[in-house]
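Engineer: As input, take coords_27.txt (compact mmCIF, C-alpha atoms and all ligand atoms):
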# COMPACT_ATOMS: atom_id res chain seq x y z
CA MET A 1 95.30 84.08 119.64
CA ASP A 2 92.20 85.73 120.97
CA SER A 3 93.37 84.71 124.40
CA ALA A 4 96.12 87.30 123.93
CA THR A 5 93.63 90.11 123.48
CA THR A 6 92.37 92.39 126.20
CA ALA A 7 90.33 95.55 126.36
CA PRO A 8 92.06 98.33 124.43
CA PRO A 9 94.09 100.73 126.59
CA PRO A 10 92.43 104.13 126.91
CA SER A 11 93.81 106.61 124.39
CA GLN A 12 94.74 110.08 125.56
CA GLU A 13 94.25 113.57 124.29
CA LEU A 14 97.59 114.61 122.78
CA ASP A 15 99.16 117.96 123.44
CA LEU A 16 100.52 119.43 120.24
CA ASP A 17 102.90 121.71 122.09
CA ASN A 18 104.70 118.70 123.45
CA LEU A 19 105.13 116.90 120.16
CA LYS A 20 108.22 117.07 117.99
CA LEU A 21 107.92 115.98 114.38
CA LEU A 22 111.03 113.98 113.54
CA LYS A 23 110.33 112.79 110.03
CA VAL A 24 107.73 111.75 107.53
CA LEU A 25 107.14 108.02 107.65
CA GLY A 26 104.72 107.84 104.78
CA LYS A 27 102.05 109.57 102.82
CA GLY A 28 98.85 107.95 101.80
CA ALA A 29 95.73 109.14 100.07
CA MET A 30 94.26 110.30 103.32
CA GLY A 31 97.03 111.71 105.36
CA THR A 32 100.65 112.03 106.28
CA VAL A 33 102.24 109.80 108.86
CA PHE A 34 105.02 111.33 110.95
CA LEU A 35 107.49 109.94 113.39
CA VAL A 36 106.92 112.03 116.48
CA GLN A 37 108.44 112.30 119.92
CA ASP A 38 106.77 113.51 123.08
CA THR A 39 108.39 115.04 126.17
CA THR A 40 109.42 111.61 127.41
CA ASN A 41 111.27 111.08 124.12
CA THR A 42 109.02 108.15 123.30
CA PRO A 43 108.78 107.82 119.52
CA PHE A 44 105.42 107.05 117.96
CA ALA A 45 103.66 107.39 114.63
CA LEU A 46 101.23 110.26 114.19
CA LYS A 47 98.80 110.10 111.30
CA VAL A 48 97.62 113.58 110.40
CA VAL A 49 94.69 114.43 108.15
CA ASP A 50 94.48 118.04 106.99
CA LYS A 51 90.74 118.64 106.96
CA THR A 52 91.13 121.74 104.82
CA CYS A 53 93.22 120.32 102.01
CA VAL A 54 92.07 119.28 98.59
CA HIS A 55 91.78 115.73 99.80
CA ALA A 56 88.78 116.75 101.79
CA LYS A 57 87.06 115.81 98.55
CA LEU A 58 88.03 112.25 99.27
CA ASP A 59 85.86 112.41 102.33
CA ALA A 60 89.07 112.19 104.30
CA GLU A 61 87.57 113.53 107.49
CA ARG A 62 84.76 111.00 107.61
CA ARG A 63 87.15 108.20 106.78
CA ALA A 64 89.61 109.43 109.39
CA ARG A 65 86.92 109.47 112.07
CA TRP A 66 85.93 105.96 111.11
CA GLU A 67 89.55 104.83 111.28
CA ILE A 68 89.91 106.33 114.77
CA GLN A 69 86.70 104.62 115.83
CA VAL A 70 87.94 101.25 114.63
CA LEU A 71 91.38 101.73 116.16
CA SER A 72 89.88 102.64 119.50
CA THR A 73 88.28 99.21 119.71
CA LEU A 74 91.36 97.17 118.80
CA SER A 75 93.43 95.21 121.22
CA HIS A 76 95.45 92.48 119.61
CA PRO A 77 99.17 91.79 119.28
CA PHE A 78 99.07 92.10 115.49
CA LEU A 79 96.83 95.14 115.29
CA PRO A 80 97.70 98.70 116.27
CA SER A 81 96.35 100.27 119.41
CA LEU A 82 95.28 103.87 119.50
CA MET A 83 97.66 105.83 121.73
CA GLY A 84 96.03 109.21 121.49
CA THR A 85 94.13 111.67 119.34
CA LEU A 86 94.06 115.39 118.74
CA GLU A 87 91.88 117.71 116.77
CA SER A 88 92.11 121.34 115.72
CA PRO A 89 90.00 123.26 113.19
CA GLN A 90 92.53 122.20 110.56
CA PHE A 91 93.76 118.79 111.67
CA LEU A 92 92.63 115.47 112.88
CA ALA A 93 95.48 113.32 114.11
CA TRP A 94 96.01 110.11 115.98
CA ALA A 95 98.98 108.33 117.47
CA LEU A 96 99.96 104.72 116.92
CA PRO A 97 102.93 102.64 117.99
CA TYR A 98 105.87 103.19 115.64
CA CYS A 99 106.79 100.24 113.43
CA PRO A 100 110.45 100.71 112.51
CA GLY A 101 110.68 97.71 110.17
CA GLY A 102 108.84 99.24 107.23
CA ASP A 103 106.23 97.24 105.36
CA LEU A 104 106.22 93.83 103.71
CA ASN A 105 106.61 95.30 100.25
CA PHE A 106 109.74 97.13 101.34
CA LEU A 107 111.03 94.00 103.00
CA ARG A 108 110.36 91.85 99.95
CA TYR A 109 112.36 94.22 97.80
CA ARG A 110 115.29 93.73 100.09
CA GLN A 111 115.37 90.00 99.33
CA THR A 112 117.76 88.91 96.60
CA ASP A 113 115.05 87.49 94.36
CA ARG A 114 112.34 89.80 95.68
CA SER A 115 110.37 86.96 97.14
CA PHE A 116 110.18 85.17 100.47
CA SER A 117 110.83 81.53 101.31
CA PRO A 118 107.82 79.38 102.29
CA ALA A 119 109.00 79.41 105.93
CA VAL A 120 109.07 83.20 106.03
CA ILE A 121 105.69 83.34 104.27
CA ARG A 122 104.28 80.92 106.85
CA PHE A 123 105.36 83.19 109.70
CA TYR A 124 103.98 86.42 108.27
CA VAL A 125 100.79 84.91 106.90
CA ALA A 126 100.04 83.14 110.19
CA GLU A 127 100.19 86.49 111.99
CA ILE A 128 98.15 88.31 109.34
CA LEU A 129 95.58 85.51 109.55
CA CYS A 130 95.27 85.98 113.31
CA ALA A 131 94.82 89.73 112.86
CA LEU A 132 92.11 89.24 110.23
CA ASP A 133 90.47 86.59 112.38
CA HIS A 134 90.24 89.06 115.22
CA LEU A 135 88.81 91.81 113.01
CA HIS A 136 86.22 89.44 111.55
CA SER A 137 85.24 88.28 115.02
CA MET A 138 84.46 91.95 115.71
CA GLY A 139 82.35 92.09 112.56
CA ILE A 140 84.94 94.17 110.70
CA ALA A 141 86.00 93.36 107.15
CA TYR A 142 89.44 94.91 106.57
CA ARG A 143 89.15 95.26 102.78
CA ASP A 144 92.59 96.74 102.20
CA LEU A 145 95.02 93.90 102.66
CA LYS A 146 98.20 94.43 100.65
CA PRO A 147 101.88 94.23 101.57
CA GLU A 148 102.16 98.00 102.08
CA ASN A 149 99.61 97.79 104.86
CA VAL A 150 101.47 95.11 106.77
CA LEU A 151 104.07 96.83 108.94
CA VAL A 152 106.88 95.25 110.92
CA GLN A 153 107.05 96.13 114.60
CA ASN A 154 110.33 96.54 116.45
CA THR A 155 109.96 92.95 117.67
CA GLY A 156 109.72 91.67 114.09
CA HIS A 157 106.06 90.76 114.48
CA VAL A 158 103.56 92.30 112.09
CA THR A 159 100.84 94.83 112.55
CA LEU A 160 98.14 95.78 110.08
CA THR A 161 97.64 99.45 109.38
CA ASP A 162 95.17 101.67 107.53
CA PHE A 163 91.59 100.98 108.54
CA ASP A 164 89.75 103.72 106.71
CA LEU A 165 88.36 101.28 104.17
CA SER A 166 87.31 98.71 106.70
CA ARG A 167 83.64 98.17 107.11
CA LYS A 168 81.37 96.78 109.73
CA LEU A 169 79.41 93.82 108.41
CA ASN A 170 76.91 91.63 110.10
CA PRO A 171 78.91 88.89 111.76
CA LYS A 172 78.45 85.59 110.01
CA PRO A 173 76.29 83.20 111.99
CA LYS A 174 78.28 80.20 113.18
CA PRO A 175 77.49 77.09 111.14
CA ASN A 176 74.79 75.00 112.81
CA PRO A 177 76.28 71.68 113.97
CA ASN A 178 72.80 70.05 113.69
CA PRO A 179 71.36 71.42 110.49
CA VAL A 180 67.67 70.92 109.81
CA ILE A 181 67.23 69.19 106.47
CA VAL A 182 64.78 71.04 104.25
CA PRO A 183 63.60 69.95 100.82
CA SER A 184 65.87 71.38 98.17
CA ILE A 185 64.66 74.43 96.32
CA PRO A 186 65.35 74.56 92.59
CA LEU A 187 68.10 77.00 91.65
CA PRO A 188 66.87 80.11 89.90
CA ASN A 189 66.98 79.91 86.16
CA SER A 190 69.58 82.36 84.91
CA ASN A 191 67.26 83.38 82.04
CA VAL A 192 64.64 84.60 84.44
CA PRO A 193 65.29 88.21 85.47
CA GLN A 194 66.46 88.31 89.06
CA PRO A 195 65.73 91.07 91.54
CA ARG A 196 68.54 93.58 91.65
CA ARG A 197 70.99 92.59 94.33
CA LYS A 198 70.94 94.70 97.39
CA HIS A 199 74.72 94.73 97.57
CA ARG A 200 75.00 96.65 94.33
CA ARG A 201 74.57 99.81 96.28
CA ASN A 202 78.02 99.23 97.67
CA LEU A 203 79.36 100.18 94.30
CA SER A 204 78.29 103.76 94.82
CA ARG A 205 81.24 104.03 97.13
CA TRP A 206 83.68 102.81 94.56
CA ILE A 207 84.04 105.86 92.44
CA SER A 208 87.53 106.66 91.30
CA PHE A 209 88.94 110.01 92.16
CA PHE A 210 91.98 111.45 90.51
CA PRO A 211 93.45 114.26 92.54
CA PRO A 212 94.27 117.15 90.32
CA ASP A 213 97.48 118.01 92.06
CA GLY A 214 99.51 114.87 91.37
CA THR A 215 100.08 114.74 95.08
CA ASN A 216 103.34 113.42 96.35
CA ASN A 217 102.47 110.00 97.60
CA ASN A 218 105.86 108.64 98.46
CA ASN A 219 106.26 106.62 101.57
CA LYS A 220 109.40 106.33 103.54
CA ASN A 221 110.98 103.85 101.21
CA GLY A 222 110.68 106.03 98.20
CA LEU A 223 107.96 103.65 97.05
CA LYS A 224 104.66 105.08 96.07
CA LYS A 225 102.07 103.59 98.30
CA ALA A 226 99.14 102.12 96.50
CA LYS A 227 96.15 104.35 96.86
CA SER A 228 93.21 102.63 98.31
CA ALA A 229 89.65 102.48 97.44
CA GLN A 230 87.91 105.22 95.66
CA VAL A 231 90.95 107.42 95.78
CA SER A 232 93.36 105.94 93.68
CA PRO A 233 94.94 107.77 91.24
CA VAL A 234 98.54 107.24 91.61
CA SER A 235 100.17 104.01 90.79
CA ARG A 236 101.89 102.04 93.43
CA ARG A 237 105.49 102.42 92.43
CA LYS A 238 108.02 99.81 93.21
CA PRO A 239 111.43 100.83 94.47
CA SER A 240 113.44 103.03 92.22
CA PHE A 241 115.46 100.14 90.90
CA SER A 242 112.40 98.83 89.12
CA SER A 243 110.35 100.36 86.39
CA GLY A 244 107.31 98.30 87.33
CA GLU A 245 104.20 100.02 88.49
CA ARG A 246 101.02 98.79 89.98
CA SER A 247 97.91 100.67 89.25
CA ASN A 248 95.14 101.13 91.70
CA SER A 249 91.53 101.81 91.44
CA PHE A 250 88.20 102.04 93.06
CA VAL A 251 88.46 99.48 95.78
CA GLY A 252 91.88 98.96 97.13
CA THR A 253 94.65 98.09 94.78
CA GLU A 254 93.29 96.77 91.49
CA GLU A 255 95.35 93.64 91.65
CA TYR A 256 93.92 92.82 95.09
CA VAL A 257 90.27 93.31 94.21
CA SER A 258 88.13 90.19 94.46
CA PRO A 259 85.92 88.91 91.62
CA GLU A 260 82.73 89.56 93.58
CA VAL A 261 83.65 93.22 94.00
CA VAL A 262 84.60 93.56 90.33
CA ARG A 263 81.26 92.02 89.40
CA GLY A 264 79.44 94.34 91.79
CA ASP A 265 78.02 91.43 93.70
CA GLY A 266 78.72 93.00 97.06
CA HIS A 267 81.15 91.51 99.43
CA GLU A 268 81.64 89.72 102.64
CA PHE A 269 84.52 88.79 104.88
CA ALA A 270 85.69 86.49 102.07
CA VAL A 271 87.16 89.51 100.22
CA ASP A 272 89.89 89.47 102.85
CA TRP A 273 90.63 85.80 102.18
CA TRP A 274 90.90 86.55 98.46
CA ALA A 275 93.33 89.39 99.18
CA LEU A 276 95.28 87.05 101.44
CA GLY A 277 95.63 84.66 98.48
CA ILE A 278 96.96 87.49 96.29
CA LEU A 279 99.35 88.63 99.00
CA ILE A 280 100.76 85.11 99.48
CA TYR A 281 101.14 84.72 95.72
CA GLU A 282 103.05 87.99 95.54
CA MET A 283 105.29 87.05 98.45
CA LEU A 284 106.10 83.74 96.75
CA TYR A 285 106.51 84.80 93.12
CA GLY A 286 107.32 88.50 93.48
CA LYS A 287 104.31 89.53 91.39
CA THR A 288 100.56 89.39 91.64
CA PRO A 289 98.66 86.78 89.61
CA PHE A 290 96.15 88.84 87.62
CA LYS A 291 97.90 92.02 86.63
CA GLY A 292 97.02 93.05 83.09
CA ARG A 293 98.22 95.83 80.82
CA ASN A 294 95.43 98.04 82.04
CA ARG A 295 92.63 98.02 84.57
CA LYS A 296 90.15 96.40 82.22
CA GLU A 297 92.49 93.52 81.51
CA THR A 298 93.33 93.13 85.20
CA PHE A 299 89.66 92.90 86.09
CA ARG A 300 89.00 90.45 83.27
CA ASN A 301 91.82 88.31 84.61
CA VAL A 302 90.49 88.57 88.14
CA ILE A 303 87.14 87.24 86.98
CA MET A 304 88.20 84.72 84.35
CA LYS A 305 91.82 83.67 84.59
CA PRO A 306 93.05 80.94 86.90
CA PRO A 307 96.26 81.78 88.76
CA GLU A 308 99.41 80.35 87.19
CA PHE A 309 101.84 78.41 89.31
CA VAL A 310 105.41 78.01 88.18
CA GLY A 311 107.36 74.99 89.38
CA LYS A 312 106.37 72.23 91.73
CA ARG A 313 102.90 72.24 93.25
CA THR A 314 103.09 72.31 97.02
CA ALA A 315 100.89 72.82 100.07
CA LEU A 316 101.56 76.54 99.65
CA THR A 317 100.39 76.67 96.04
CA ASN A 318 97.34 74.65 97.08
CA LEU A 319 96.57 77.18 99.81
CA ILE A 320 96.84 80.03 97.30
CA GLU A 321 94.57 78.20 94.89
CA ARG A 322 91.95 77.59 97.57
CA LEU A 323 92.00 81.27 98.59
CA LEU A 324 91.85 82.46 94.98
CA GLU A 325 88.61 80.61 94.34
CA LYS A 326 86.51 82.93 92.18
CA ASP A 327 83.22 81.92 93.80
CA PRO A 328 83.38 83.39 97.31
CA THR A 329 81.08 80.72 98.69
CA LYS A 330 83.60 78.05 97.67
CA ARG A 331 86.62 80.01 98.86
CA LEU A 332 88.61 78.67 101.78
CA GLY A 333 87.51 80.57 104.86
CA TYR A 334 84.00 81.29 103.59
CA THR A 335 82.19 78.87 105.85
CA ARG A 336 84.20 78.81 109.07
CA GLY A 337 86.45 81.82 108.67
CA ALA A 338 90.09 81.78 109.71
CA ALA A 339 89.71 78.45 111.52
CA GLU A 340 89.27 76.76 108.17
CA ILE A 341 92.44 78.35 106.79
CA LYS A 342 94.47 77.57 109.88
CA GLU A 343 93.68 73.90 109.35
CA HIS A 344 95.26 73.91 105.90
CA GLU A 345 98.24 71.60 105.46
CA PHE A 346 100.58 74.53 104.82
CA PHE A 347 100.20 75.60 108.45
CA ARG A 348 100.76 72.15 109.90
CA GLY A 349 102.84 72.47 113.05
CA VAL A 350 102.09 76.14 113.62
CA GLN A 351 101.40 76.74 117.30
CA TRP A 352 98.86 79.48 116.92
CA GLU A 353 98.68 80.39 120.58
CA LEU A 354 102.43 80.80 120.76
CA LEU A 355 102.99 83.04 117.75
CA THR A 356 103.53 86.11 119.90
CA GLU A 357 106.21 84.21 121.80
CA VAL A 358 108.38 83.74 118.72
CA VAL A 359 111.49 85.66 119.67
CA ARG A 360 113.32 85.34 116.40
CA PRO A 361 110.96 86.42 113.63
CA PRO A 362 112.47 86.38 110.11
CA PHE A 363 113.46 90.02 110.27
CA ILE A 364 114.06 92.16 113.31
CA PRO A 365 114.57 95.84 112.61
CA SER A 366 117.92 96.99 113.87
CA GLY A 367 117.89 100.42 115.44
CA ASP A 368 116.52 102.89 112.97
CA ASP A 369 116.16 100.30 110.21
CA GLY A 370 114.72 101.75 107.06
CA ALA A 371 114.48 105.13 108.69
CA GLY A 372 117.48 106.36 106.71
CA GLU A 373 115.37 105.96 103.62
CA MET A 374 112.55 108.16 104.81
CA THR A 375 111.38 110.57 102.20
CA GLU A 376 111.74 113.51 104.51
CA ARG A 377 113.75 113.69 107.63
CA PHE A 378 113.94 116.84 109.65
CA SER A 379 117.43 117.77 110.71
CA ASP A 380 118.14 118.27 114.38
CA ARG A 381 117.85 121.98 113.76
CA ASN A 382 114.31 121.44 112.62
CA CYS A 383 113.25 118.92 115.20
CA GLY A 384 110.35 120.50 116.91
CA VAL A 385 108.75 121.81 113.78
CA ASN A 386 105.05 121.83 114.29
CA ILE A 387 102.34 120.32 112.16
CA ARG A 388 100.79 123.58 111.00
CA ASP A 389 104.16 124.84 109.80
CA TYR A 390 104.77 121.62 108.01
CA PHE A 391 101.55 121.79 106.00
CA GLN A 392 101.76 125.52 105.46
CA ASN A 393 105.24 125.14 104.11
CA LEU A 394 104.23 122.22 101.93
CA LYS A 395 101.45 124.25 100.29
CA SER A 396 103.75 127.14 99.49
CA SER A 397 106.75 125.07 98.48
CA PRO A 398 107.17 124.85 94.68
CA SER A 399 108.69 121.40 95.07
CA GLY A 400 105.75 120.18 97.14
CA ARG A 401 108.29 119.12 99.75
CA PHE A 402 108.94 120.38 103.18
CA GLU A 403 111.48 123.21 103.08
CA LYS A 404 113.92 122.71 105.90
CA ASN A 405 114.50 126.32 106.78
CA VAL A 406 110.93 127.05 107.65
CA SER A 407 110.63 129.48 110.51
CA LEU A 408 109.09 127.84 113.51
CA ARG A 409 105.99 129.15 115.10
CA GLU A 410 103.85 128.01 117.94
CA PHE A 411 100.93 125.91 116.86
N1 LIG B 501 102.74 102.96 112.84
C1 LIG B 501 103.54 103.21 111.81
N2 LIG B 501 104.87 103.05 111.91
C2 LIG B 501 105.68 103.28 110.84
N3 LIG B 501 105.23 103.68 109.63
C3 LIG B 501 103.91 103.86 109.48
C4 LIG B 501 102.99 103.64 110.54
N4 LIG B 501 101.73 103.87 110.09
C5 LIG B 501 101.86 104.23 108.80
N5 LIG B 501 103.16 104.23 108.42
C6 LIG B 501 103.70 104.57 107.10
O1 LIG B 501 102.86 105.53 106.49
C7 LIG B 501 102.28 105.01 105.28
C8 LIG B 501 100.88 105.57 105.10
O2 LIG B 501 100.07 105.16 106.19
P1 LIG B 501 98.54 104.77 105.99
O3 LIG B 501 98.45 103.57 105.13
O4 LIG B 501 97.92 104.63 107.33
O5 LIG B 501 98.00 106.07 105.22
P2 LIG B 501 96.74 106.27 104.27
O6 LIG B 501 96.70 107.71 103.92
O7 LIG B 501 95.51 105.74 104.93
O8 LIG B 501 97.09 105.37 103.02
P3 LIG B 501 96.13 104.88 101.83
O9 LIG B 501 96.55 105.66 100.63
O10 LIG B 501 96.41 103.40 101.65
O11 LIG B 501 94.71 105.14 102.24
C9 LIG B 501 102.38 103.50 105.44
O12 LIG B 501 102.45 102.83 104.22
C10 LIG B 501 103.68 103.34 106.22
O13 LIG B 501 104.79 103.40 105.33
Using structure tokens, write down the structure that the file contains.
Structural biologist:
Amino acid sequence: MDSATTAPPPSQELDLDNLKLLKVLGKGAMGTVFLVQDTTNTPFALKVVDKTCVHAKLDAERRARWEIQVLSTLSHPFLPSLMGTLESPQFLAWALPYCPGGDLNFLRYRQTDRSFSPAVIRFYVAEILCALDHLHSMGIAYRDLKPENVLVQNTGHVTLTDFDLSRKLNPKPKPNPNPVIVPSIPLPNSNVPQPRRKHRRNLSRWISFFPPDGTNNNNKNGLKKAKSAQVSPVSRRKPSFSSGERSNSFVGTEEYVSPEVVRGDGHEFAVDWWALGILIYEMLYGKTPFKGRNRKETFRNVIMKPPEFVGKRTALTNLIERLLEKDPTKRLGYTRGAAEIKEHEFFRGVQWELLTEVVRPPFIPSGDDGAGEMTERFSDRNCGVNIRDYFQNLKSSPSGRFEKNVSLREF
């Protein structure tokens, strides 16, 4: 798949005067994502972070700059490319290709039994695996894999979104094909006090933050998007036809957090393989494996409980089991990365180099698929509303929603 990657196209400086906001695609902890059109009528997604809003406390600006930095280096069919950026004293915004198919969570809820067949899972997971492989090869751990962050492009292929939690790690050295045999060193006795692990400092970043304003966090599907990382106050709400909620916490969605992160042991690229195991489980069974009644119970389950598999054991359940190995060093993918996972029996027959050539992915968005369910759509009369008006109006609106009859001003 890496053969399909090239240097990222240069991103341009966007001109706010030429942008029309068409609708809100989603709202996350960090920003609002709009569907926008430029003078050529090309639609694209614009993620806007209001540097002055209460979420500044979430370190939104620093995270946004990091996200832009990561995006500017990406060039891969299953990862977004940065189309442009803009900055004003109030806003930081960047443009990405529009994905009209919604996210995998939305798609799953449109299935009759709210789960995918193994064949559909194979397709999506193969593409996600290639995207993660590429990120890891760049030394980037994604750390926020969940169905809401897997978007469906107009071609039906996937793209990962939301890189503010990603982190640069030291690339793993390739395993030595001719290892030097050294005499074995006795394992440390667990009764002997060990030096404090260096990685524990990572925990300082994982402090929960509960925004005081109960911010509207709906995405375009009317689902509440799971808050990521240290921001995570609001539960990830499933579509309105379900009462189920998924709570989130200090490092991504609670149910996707790996045992090593819960334990404070620090983390490596293997956290992404754990999250991949959770995601596959959820796609197959329609629920995550370790969800408890509260965060404490969820974390206890993450550390202690083996995943339960209903029905016949298959190559797919074996793959999940190998990814949900509690000890990261024994987890599939730990030693040789994605290559190890690609060799698993579940993927037998997958032609990795030809994935982008698949012309009939399981779901191809038709026209404005899902767009009718956007939380906020600006009527034709309001097309052309500018970003400043949008946020100004939002602050003063008692409903916390955009009021359609806002008077338009130049930005
Ligand atoms: N390129 C895109 N095309 C279509 N919709 C998009 C696009 N990018 C983002 N979205 C929508 O906007 C939502 C929020 O985007 P994103 O995850 O980037 O925001 P965030 O503020 O970083 O979220 P989080 O709370 O996880 O940190 C997504 O879940 C998705 O529904």
Engineer: Counting all atoms listed in the file, which residues of chain A fall within 7 Å of ligand LIG 501 (chain B), and what is the closest atom pair for each with its distance in Å at one decimal, ordered by chain and rising number, as JSON lines?
Structural biologist:
{"residue": "A:Leu25", "atom": "CA", "partner": "B:LIG501", "partner_atom": "C6", "distance": 4.9}
{"residue": "A:Gly26", "atom": "CA", "partner": "B:LIG501", "partner_atom": "O1", "distance": 3.4}
{"residue": "A:Lys27", "atom": "CA", "partner": "B:LIG501", "partner_atom": "C8", "distance": 4.8}
{"residue": "A:Gly28", "atom": "CA", "partner": "B:LIG501", "partner_atom": "O6", "distance": 3.0}
{"residue": "A:Ala29", "atom": "CA", "partner": "B:LIG501", "partner_atom": "O9", "distance": 3.6}
{"residue": "A:Met30", "atom": "CA", "partner": "B:LIG501", "partner_atom": "O6", "distance": 3.6}
{"residue": "A:Gly31", "atom": "CA", "partner": "B:LIG501", "partner_atom": "O6", "distance": 4.3}
{"residue": "A:Thr32", "atom": "CA", "partner": "B:LIG501", "partner_atom": "O6", "distance": 6.3}
{"residue": "A:Val33", "atom": "CA", "partner": "B:LIG501", "partner_atom": "O1", "distance": 4.9}
{"residue": "A:Ala45", "atom": "CA", "partner": "B:LIG501", "partner_atom": "N1", "distance": 4.9}
{"residue": "A:Lys47", "atom": "CA", "partner": "B:LIG501", "partner_atom": "O4", "distance": 6.8}
{"residue": "A:Leu96", "atom": "CA", "partner": "B:LIG501", "partner_atom": "N1", "distance": 5.2}
{"residue": "A:Pro97", "atom": "CA", "partner": "B:LIG501", "partner_atom": "N1", "distance": 5.2}
{"residue": "A:Tyr98", "atom": "CA", "partner": "B:LIG501", "partner_atom": "N2", "distance": 3.9}
{"residue": "A:Cys99", "atom": "CA", "partner": "B:LIG501", "partner_atom": "N2", "distance": 3.7}
{"residue": "A:Pro100", "atom": "CA", "partner": "B:LIG501", "partner_atom": "C2", "distance": 5.7}
{"residue": "A:Gly102", "atom": "CA", "partner": "B:LIG501", "partner_atom": "O13", "distance": 6.1}
{"residue": "A:Asp103", "atom": "CA", "partner": "B:LIG501", "partner_atom": "O13", "distance": 6.3}
{"residue": "A:Glu148", "atom": "CA", "partner": "B:LIG501", "partner_atom": "O12", "distance": 5.3}
{"residue": "A:Asn149", "atom": "CA", "partner": "B:LIG501", "partner_atom": "O12", "distance": 5.8}
{"residue": "A:Leu151", "atom": "CA", "partner": "B:LIG501", "partner_atom": "C2", "distance": 6.9}
{"residue": "A:Thr161", "atom": "CA", "partner": "B:LIG501", "partner_atom": "O4", "distance": 5.6}
{"residue": "A:Asp162", "atom": "CA", "partner": "B:LIG501", "partner_atom": "O4", "distance": 4.0}
{"residue": "A:Asp164", "atom": "CA", "partner": "B:LIG501", "partner_atom": "O7", "distance": 6.4}
{"residue": "A:Asn219", "atom": "CA", "partner": "B:LIG501", "partner_atom": "O13", "distance": 5.2}
{"residue": "A:Lys220", "atom": "CA", "partner": "B:LIG501", "partner_atom": "O13", "distance": 5.7}
{"residue": "A:Lys225", "atom": "CA", "partner": "B:LIG501", "partner_atom": "O12", "distance": 6.0}
{"residue": "A:Ala226", "atom": "CA", "partner": "B:LIG501", "partner_atom": "O10", "distance": 6.0}
{"residue": "A:Lys227", "atom": "CA", "partner": "B:LIG501", "partner_atom": "O9", "distance": 4.0}
{"residue": "A:Ser228", "atom": "CA", "partner": "B:LIG501", "partner_atom": "O10", "distance": 4.7}
Engineer: Write out as an MDAnalysis selection string the residues lying within 12 Å of Leu324 in chain A, counting all atoms listed in the file and excluding same-chain residues fewer than 4 positions away.
Structural biologist: chainID A and resid 256:260 270:281 288:290 301:308 317:320 328:334
Engineer: One decimal, in Å: what's the spacing between CA of Trp352 in chain A and CA of Glu282 in chain A?
Structural biologist: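 One can read the CA of Trp352 in chain A to CA of Glu282 in chain A distance as 23.4 Å.
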Engineer: Tell me which of A:Val36, A:Ala95, A:Val120, A:Ala131 sits closest to Gly156 in chain A, counting only C-alpha atoms.
Structural biologist: A:Val120
Engineer: For range 356-359 of chain A, work out the shell of residues within 10 Å, counting all atoms listed in the file and skipping chain neighbours fewer than 2 positions away, then give it as a list in words.
Structural biologist: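 What passes the distance filter is Met1, Ala4, Pro77, Phe78, Phe123, Glu127, Thr155, Gly156, His157, Val158, Gln351, Trp352, Glu353, Leu354, Pro361, Pro362 and Ile364 of chain A.
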Engineer: For range 282-290 of chain A, I'd like the enclosing box, axis-aligned and padded by 4 Å on every side, reported as lines of an AutoDock Vina configuration file with centre and edge lengths in Å to one decimal.
Structural biologist:
center_x = 101.7
center_y = 86.6
center_z = 93.0
size_x = 19.2
size_y = 13.8
size_z = 18.8
Engineer: Which value, in Å to one decimal, gives the distance between CA of Leu135 in chain A and CA of Lys326 in chain A?
Structural biologist: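 Atom-to-atom, CA of Leu135 in chain A and CA of Lys326 in chain A are spaced 22.8 Å apart.
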Engineer: To one decimal place in Å, what is the distance between CA of Lys51 in chain A and CA of Pro89 in chain A?
Structural biologist: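 We find that CA of Lys51 in chain A and CA of Pro89 in chain A lie 7.8 Å from each other.
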Engineer: Around (91.9, 125.7, 120.8), as given in the file, which residues come within 12 Å? Count all atoms listed in the file and list them as an MDAnalysis selection string.
Structural biologist: chainID A and resid 15:17 86:91 411
Engineer: For Arg114 in chain A, find every residue with an atom within 8 Å (counting all atoms listed in the file), except residues of its own chain fewer than 5 positions away, and show them as a PyMOL selection string.
Structural biologist: chain A and resi 108-109+286
Engineer: Which residue, A:Lys20, A:Met283, A:Phe163, A:Gly337, has the smallest gap to Tyr124 in chain A when you use all atoms listed in the file?
Structural biologist: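 Closest to Tyr124 in chain A of all the choices is A:Met283.
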